[in-house]
Amino acid sequence: MTAPYLRIGELARATGFSDKALRFYDGIGLLRPSARSPAGYRLYDAAAAERLRFVRKAQGLGLSLDDIRTILEIADEGRVPCEHVLAIVDRELERIDGQMRRLRSLRRDLVVLRQRLSDGVASGTARSGPCEHVLRTPESRIPGHARKRIR
């Protein structure tokens, strides 16, 4: 007896993906139909649902579709993708560490800007413009972006 097959809409409902996403994943090699019906419909088995659970979890961890496809291709060849996954995880950790450094710097700049704004409001030096007392001081910086001094 053969395993029950699901058409793409049934698989989408069972896994929480849209039909369109599944067709896209099929097109880029993340998902492959197990068979085709006599009418040409894609048919998927239980392994496809398991594969989609892996895709969802990997996306949730920040892996790109290219990385996910490569991992699945390695596994499909019967090899263990652990070394490749380790390299991807190391790369993602470096990327996240860089983002955290940039965010900490941005936060420091915003705290300084907020303090200057607060000091201006408390001292009554705030003018009619958009916080001119802070934005016109040579030593103040705009947080983020190019970090240019405004004069």
# chains A, B, ... in the order shown; residues from 1 in each chain; ligands from 1
call {"tool": "select_by_dssp", "arguments": {"residues": "region 2-151 of chain A", "states": "helix (DSSP H, G or I)", "output": "PyMOL selection string"}}
result
chain A and resi 8-15+19-28+46-60+65-76+82-123+132-135
call {"tool": "atom_distance", "arguments": {"atom1": "CA of Glu92 (chain A)", "atom2": "CA of Glu73 (chain A)"}}
result
20.0 Å
call {"tool": "residues_around", "arguments": {"residues": "Ala47 (chain A)", "least_positions_apart": "5", "cutoff": "12 Å", "atoms": "only C-alpha atoms", "output": "list of chain:residue names"}}
result
A:Ala3, A:Pro4, A:Tyr5, A:Leu6, A:Leu11, A:Thr15, A:Leu31, A:Arg32, A:Pro33, A:Ser34, A:Leu52, A:Arg53, A:Phe54, A:Asp76
call {"tool": "atom_distance", "arguments": {"atom1": "CA of Ala21 (chain A)", "atom2": "CA of Gly40 (chain A)"}}
result
18.9 Å
call {"tool": "closest_residue", "arguments": {"among": "A:Gly9, A:Ala49, A:Arg69, A:Val111", "to": "Gly27 (chain A)", "atoms": "only C-alpha atoms"}}
result
A:Arg69
call {"tool": "closest_residue", "arguments": {"among": "A:Ile28, A:Arg56, A:Ser105, A:Ala48", "to": "Thr70 (chain A)", "atoms": "only C-alpha atoms"}}
result
A:Ile28
call {"tool": "select_by_dssp", "arguments": {"residues": "region 18-143 of chain A", "states": "strand (DSSP E)", "output": "count of residues only"}}
result
5
